[in-house]
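Taking it in order: structure first as structure tokens, then the write-up.
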Amino acid sequence: MQYQIEHGPAFAWLRVALDPNERIVAEAGAMVRQSTSLQVETRLNASRSGGVFALIIAFFVALMRRLLGGETMFLNEFSGPQGGEVVLAPKLSGQIVKKTLDGTRTLFVQTGGYLASTSDIDTRLRFGGLRTLFGGEGLMLLQCTGRGDVFVNSYGGVTEVAVDGSFIVDTGHIVAFDGALDFRVRSIGGAKSFLFSGEGLVCEFQGRGTVYVQSRNLKALVGWLSPLLPS
Amino acid sequence: MRYEILDAPNFGLLKLTLNTDDKVVAESGAMVAMGAAVHVETKMRGGLLAAAKRKLLGGESLFQNTFVARAPAQELYLAPPVEGDLLVRELARGETFFLQSGNYLAHVGDELVLDTKWGGVRSFFGGVGFFMLKIVGPGTLFYGSYGAIHEVPIGAGGYTCDTGHIVGFSDGLEYRVRTFGGFKGLFFSGEGLVCDFTGSGSLFIQTRKSASLAAFLHPFRRVQQRGN
Amino acid sequence: MHFEVHYRPAHSLAIAHLQPDESVRAEASAMVSMTSNLSITTDGPVGGRGGLLKSFKRAMLGGETFFTNTFTARGAPGHVTLAPTLSGDMLAIDVRQGEPLYIQGSSYVAAPDSVEIDTRWQGLKGFFSGESLFFLEASGEGQVLVNAFGAIESYDLDGDVIIDTGHLVAFGAGIEYEVTKASRGWIASFLSGEGLVLRMRGRGRVYLQSRNPKEYGTKVGSELPPREG
């Protein structure tokens, strides 16, 4: 498989050239252009090691989020006996970064930051309960393991921060982070600050590892626009 | 204190490196990331009464955060809410700059004055939503734009600009807000206003406008049936 | 009259430079600023086709305005600056006699009088997605200014390819298109997020944008406070 990230840093898209029968998995709705020789199969973003029950829950969650317009947990798999080219793009503006996993590392990706991955990468949804699911609070994370490449997209630019000790990031600005880091979600600076500061929740990272920070935040954009909207 | 502007001009991100007791004041919601030894205080700008009055103007949050470092070499990352550029302006003592309130990001310097009650404050946006801040130095001002910033030198010929595209302008210009002669937009109040500038100075324009984005997104909102 | 595009590709601003008595027609919401010596007239819907009411209704549904303003420089040279609603690039594309350009409705920004803009309503609705296609035909001689959501990618097609409808900006003559489902079934097409796609075939130039306004609108719109029904 060959890939190229083009039109970065503002509007990056991912161009993938697949060999015969090679597969790439992508977030639903990401296709820009594809060769007519490729077929598309849609499947659930459920961990392959989960049982039937996990599959049912994943389907229900995915359908609800799709109907409510949230992130879809359906994935598209592109492949064909002759191979071909597919171009994939994220929904928001920003950059695309490739992370390679060697089977020993875990990468956590915030769900909006997932664009695509190669077929031997396993993705498992991790969330903090039903409120997180529908309320959008806390972190909706994809735990990525296995061998291969994960393509992550950022809203805005990407800054790699090497954490050694302690570091705080607004949850809306997290793209991805090393599984080796400890993380804890809390409100910034005490109860009053949470109500008045305009910052939502923050994630405090401890330990050693890399955090990928994006320079824009969808929740901040929403807060900015809301007073401008008519009822 | 050091600062660096990253990811400009597309997604301007301000990175400050603070030493112990260094202070930065920022618009609420601007914090991206920070070292664990940065302390956050939330203050209402100018007290409760002024804050309540500002709420009537709408569209701008009431609260600012003050960030103070309690240890050396603490990083603080700040970003505006919209995509675009991020600029810095060093203001000398008494130097005046007019800035659209929504473009304000942060400032350093206890003596910098953000005046929301000056004479022309209500005229620019039909009294709804954003308003023009009158900023007087000394101090360091950080501001963003929605889109790129385009500087226009104003001279004898006169220049007209859609008010939603105004970021700021220097002192010494005359301005007049009026409705636009052609067909502009139907959806929101404050649309269809332009400002005629004459005199001598600089006008800073942003190449995108929040009201247009809001109009674009409006049909995509979930519909809530009345009575629910 | 010529177009100059600055701040490419993300936050592009086009400047239409006008000599005295020269004009440019621009989509109504595109004006950012102008020199004070321009006169302005407002024209009805692009291309003059369709009644005022029909265009108005389409404008309400699609969030687009199909009205245009004509700017004319008086007494001295002047300019008007233009920008689209969403972030992204703009490009001035040459149109020549016998070589029209087909532009997706929301991608059109401006053109001089020497380029005629005609509406060709496709009107095909997607089964689940509610997508419809609306193309303008630009013909004549001159430059037409188009916008893209994201970066513009232009390439020469020779053969066939499948394109997501939301990523198409414009294409030249010599290309046919057919609307098809993304996957084999309707339900799969809905779940895949692609809905309807275009199968394009032929030889000619294709212009794509690297972001999809509908995907963006749905994602951000779903996070906004709901509106009254």
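Naming scheme: A, B, ... for chains in displayed order of the structure tokens; residues 1 onward per chain; ligands 1 onward as shown.
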
Using only C-alpha atoms, tabulate the residues of chain C lying at most 9 Å from any atom of chain B, each with its closest atom pair and that distance in Å to one decimal, by chain and increasing residue number, as a tab-separated table.
residue	atom	partner	partner_atom	distance
C:Tyr7	CA	B:Ala148	CA	6.6
C:Ala10	CA	B:Asn10	CA	6.5
C:His11	CA	B:Gly147	CA	4.8
C:Ser12	CA	B:Thr207	CA	7.0
C:Leu13	CA	B:Thr207	CA	6.0
C:Ala28	CA	B:Lys184	CA	5.6
C:Ser29	CA	B:Lys184	CA	5.5
C:Ala30	CA	B:Lys184	CA	8.5
C:Met31	CA	B:Asp162	CA	7.5
C:Val32	CA	B:Asp162	CA	5.5
C:Ser33	CA	B:Cys161	CA	4.1
C:Met34	CA	B:Thr160	CA	5.4
C:Thr35	CA	B:Tyr159	CA	4.8
C:Ser36	CA	B:Tyr159	CA	5.1
C:Asn37	CA	B:Gly157	CA	8.0
C:Ser39	CA	B:Gly181	CA	8.8
C:Ile40	CA	B:Gly182	CA	6.0
C:Thr41	CA	B:Gly182	CA	6.0
C:Thr42	CA	B:Gly182	CA	5.5
C:Asp43	CA	B:Phe183	CA	8.6
C:Met60	CA	B:Pro219	CA	8.6
C:Leu61	CA	B:Pro219	CA	7.2
C:Gly62	CA	B:Pro219	CA	7.7
C:Gly63	CA	B:Phe216	CA	5.5
C:Glu64	CA	B:Phe216	CA	7.6
C:Thr65	CA	B:Gly185	CA	7.8
C:Phe67	CA	B:Phe183	CA	7.5
C:Thr68	CA	B:Phe183	CA	7.6
C:Asn69	CA	B:Gly182	CA	6.3
C:Thr70	CA	B:Gly182	CA	8.6
C:Leu82	CA	B:Thr207	CA	8.4
C:Ala83	CA	B:Thr207	CA	6.4
C:Pro84	CA	B:Arg208	CA	7.4
C:Thr85	CA	B:Ser212	CA	5.6
C:Leu86	CA	B:Leu213	CA	6.7
C:Ser87	CA	B:Gly147	CA	7.1
C:Lys214	CA	B:Phe220	CA	8.6
C:Tyr216	CA	B:Leu217	CA	8.9
C:Gly217	CA	B:Leu217	CA	5.6
C:Thr218	CA	B:Phe220	CA	5.7
C:Lys219	CA	B:Phe220	CA	8.6
C:Val220	CA	B:Leu217	CA	7.4
C:Gly221	CA	B:Arg221	CA	4.6
C:Ser222	CA	B:Arg221	CA	5.7
C:Glu223	CA	B:Arg221	CA	7.9
C:Leu224	CA	B:Arg221	CA	6.2
C:Pro225	CA	B:Arg221	CA	7.1
C:Pro226	CA	B:Arg222	CA	4.7
C:Arg227	CA	B:Val223	CA	5.1
C:Glu228	CA	B:Gln224	CA	5.1
C:Gly229	CA	B:Gln225	CA	5.0

With a cut-off of 9 Å, could you pull out the residues of chain A touching chain C and give me the nearest pair of atoms for each, distance in Å to one decimal, using only C-alpha atoms, ordered by chain and ascending number, as CSV?
residue,atom,partner,partner_atom,distance
A:His7,CA,C:Ala151,CA,6.2
A:Gly8,CA,C:Ala151,CA,8.8
A:Ala10,CA,C:Ala10,CA,6.0
A:Phe11,CA,C:Gly150,CA,5.3
A:Ala12,CA,C:Ser210,CA,7.3
A:Trp13,CA,C:Ser210,CA,6.4
A:Glu27,CA,C:Ser192,CA,8.6
A:Ala28,CA,C:Gly193,CA,5.0
A:Gly29,CA,C:Gly193,CA,4.2
A:Ala30,CA,C:Glu194,CA,7.8
A:Met31,CA,C:Asp164,CA,6.6
A:Val32,CA,C:Asp164,CA,5.2
A:Arg33,CA,C:Ile163,CA,4.4
A:Gln34,CA,C:Ile162,CA,5.3
A:Ser35,CA,C:Val161,CA,5.3
A:Thr36,CA,C:Val161,CA,5.6
A:Ser37,CA,C:Val161,CA,9.0
A:Gln39,CA,C:Ser183,CA,7.8
A:Val40,CA,C:Ser183,CA,6.2
A:Glu41,CA,C:Ser183,CA,7.3
A:Thr42,CA,C:Ser192,CA,5.7
A:Arg43,CA,C:Ser192,CA,8.3
A:Leu63,CA,C:Leu191,CA,8.5
A:Arg66,CA,C:Leu191,CA,8.0
A:Leu68,CA,C:Ser222,CA,6.9
A:Gly69,CA,C:Ser222,CA,5.5
A:Gly70,CA,C:Lys219,CA,6.5
A:Glu71,CA,C:Lys219,CA,7.6
A:Thr72,CA,C:Gly193,CA,8.4
A:Phe74,CA,C:Leu191,CA,6.8
A:Leu75,CA,C:Ser192,CA,7.0
A:Asn76,CA,C:Ser192,CA,6.2
A:Leu88,CA,C:Ser210,CA,8.8
A:Ala89,CA,C:Arg211,CA,6.5
A:Pro90,CA,C:Arg211,CA,7.1
A:Lys91,CA,C:Tyr216,CA,5.1
A:Leu92,CA,C:Tyr216,CA,6.1
A:Ser93,CA,C:Gly150,CA,7.2
A:Gly136,CA,C:Glu223,CA,8.8
A:Leu218,CA,C:Val220,CA,7.4
A:Lys219,CA,C:Glu223,CA,7.8
A:Leu221,CA,C:Val220,CA,8.6
A:Val222,CA,C:Leu224,CA,5.9
A:Gly223,CA,C:Leu224,CA,8.3
A:Leu225,CA,C:Leu224,CA,8.2
A:Ser226,CA,C:Leu224,CA,6.8
A:Leu229,CA,C:Pro225,CA,8.8
A:Pro230,CA,C:Arg227,CA,7.8
A:Ser231,CA,C:Arg227,CA,5.3

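Here CA of Glu99 (chain C) is placed at a distance of 28.1 Å from CA of His79 (chain C).
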
Return as a PDB file with C-alpha atoms, in the first residue's frame the residues belonging to chain B that are within 7 Å of chain A, counting only C-alpha atoms.
ATOM      1  CA  ASP B   7       0.133  27.039  13.056  1.00  0.00           C
ATOM      2  CA  ASN B  10      -4.410  28.790   9.128  1.00  0.00           C
ATOM      3  CA  PHE B  11      -5.041  27.884  12.768  1.00  0.00           C
ATOM      4  CA  LEU B  13      -2.099  29.022  18.181  1.00  0.00           C
ATOM      5  CA  SER B  28     -12.854  32.529  28.409  1.00  0.00           C
ATOM      6  CA  GLY B  29     -12.687  29.308  26.475  1.00  0.00           C
ATOM      7  CA  MET B  31      -7.217  27.617  26.943  1.00  0.00           C
ATOM      8  CA  VAL B  32      -5.893  24.719  24.915  1.00  0.00           C
ATOM      9  CA  ALA B  33      -3.256  23.214  27.181  1.00  0.00           C
ATOM     10  CA  MET B  34      -1.021  24.233  30.058  1.00  0.00           C
ATOM     11  CA  GLY B  35       1.593  23.054  32.499  1.00  0.00           C
ATOM     12  CA  ALA B  36       0.265  21.736  35.763  1.00  0.00           C
ATOM     13  CA  VAL B  40      -6.457  29.844  36.788  1.00  0.00           C
ATOM     14  CA  THR B  42     -11.917  33.466  36.755  1.00  0.00           C
ATOM     15  CA  GLY B  59     -22.624  37.618  21.755  1.00  0.00           C
ATOM     16  CA  PHE B  63     -15.853  36.224  31.889  1.00  0.00           C
ATOM     17  CA  ASN B  65      -9.565  34.022  32.917  1.00  0.00           C
ATOM     18  CA  ALA B  79      -6.415  29.601  20.707  1.00  0.00           C
ATOM     19  CA  PRO B  81     -12.548  29.555  18.504  1.00  0.00           C
ATOM     20  CA  VAL B  82     -12.557  30.019  14.724  1.00  0.00           C
ATOM     21  CA  ALA B 211     -22.766  35.386  10.526  1.00  0.00           C
ATOM     22  CA  ALA B 214     -24.116  30.582  11.249  1.00  0.00           C
TER      23      ALA B 214
END

Exercise. So how many Å separate CA of Pro20 (chain A) and CA of Asp120 (chain A), to one decimal?
Worked result: 16.4 Å

For this session: For Asp122 (chain A), work out the shell of residues within 7 Å, counting only C-alpha atoms and skipping chain neighbours fewer than 2 positions away, then give it as a PyMOL selection string.
Result: chain A and resi 47+120+124+144-146

Can you write out the residues you just picked, keeping N, CA and C atoms, as a PDB file, in the first residue's frame?
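Listed below is the output, out-v6.pdb:
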ATOM      1  N   SER A  47     -14.895  -4.147  18.239  1.00  0.00           N
ATOM      2  CA  SER A  47     -13.649  -4.897  18.341  1.00  0.00           C
ATOM      3  C   SER A  47     -13.873  -6.318  17.868  1.00  0.00           C
ATOM      4  N   ASP A 120      -4.965  -4.766   9.877  1.00  0.00           N
ATOM      5  CA  ASP A 120      -4.569  -5.491  11.083  1.00  0.00           C
ATOM      6  C   ASP A 120      -4.559  -4.619  12.340  1.00  0.00           C
ATOM      7  N   ARG A 124     -11.155  -0.383  19.391  1.00  0.00           N
ATOM      8  CA  ARG A 124     -12.197  -0.684  20.377  1.00  0.00           C
ATOM      9  C   ARG A 124     -12.663   0.630  20.982  1.00  0.00           C
ATOM     10  N   CYS A 144      -6.597   1.840  19.911  1.00  0.00           N
ATOM     11  CA  CYS A 144      -6.044   1.191  18.726  1.00  0.00           C
ATOM     12  C   CYS A 144      -4.855   0.332  19.125  1.00  0.00           C
ATOM     13  N   THR A 145      -4.909  -0.946  18.711  1.00  0.00           N
ATOM     14  CA  THR A 145      -3.804  -1.864  18.984  1.00  0.00           C
ATOM     15  C   THR A 145      -3.560  -2.679  17.723  1.00  0.00           C
ATOM     16  N   GLY A 146      -2.459  -3.465  17.753  1.00  0.00           N
ATOM     17  CA  GLY A 146      -2.170  -4.320  16.606  1.00  0.00           C
ATOM     18  C   GLY A 146      -0.984  -3.806  15.833  1.00  0.00           C
TER      19      GLY A 146
END

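Interatomic distance, CA of Leu136 (chain C) to CA of Leu14 (chain A): 29.1 Å.
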
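Those residues that approach region 130-142 of chain B to within 6 Å, counting only C-alpha atoms, are B:Gly59, B:Leu87, B:Val88, B:Arg89, B:Glu90, B:Leu91, B:Ala92, B:Arg93, B:Gly94, B:Glu95, B:Thr96, B:Phe97, B:Phe98, B:Leu99, B:Gln100, B:Ser101, B:Leu105, B:Ala106, B:His107, B:Val108, B:Gly109, B:Leu112, B:Val113, B:Leu114, B:Asp115, B:Thr116, B:Val121; same-chain residues fewer than 6 positions away are not listed.
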
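Excluding Pro112 (chain C) itself and any same-chain residue fewer than 3 positions from it, the protein and nucleic acid residues within 8 Å of it, counting only C-alpha atoms, are Met1, Ser23, Val24, Arg25, Val115, Gly142, Gln143 and Val144 of chain C.
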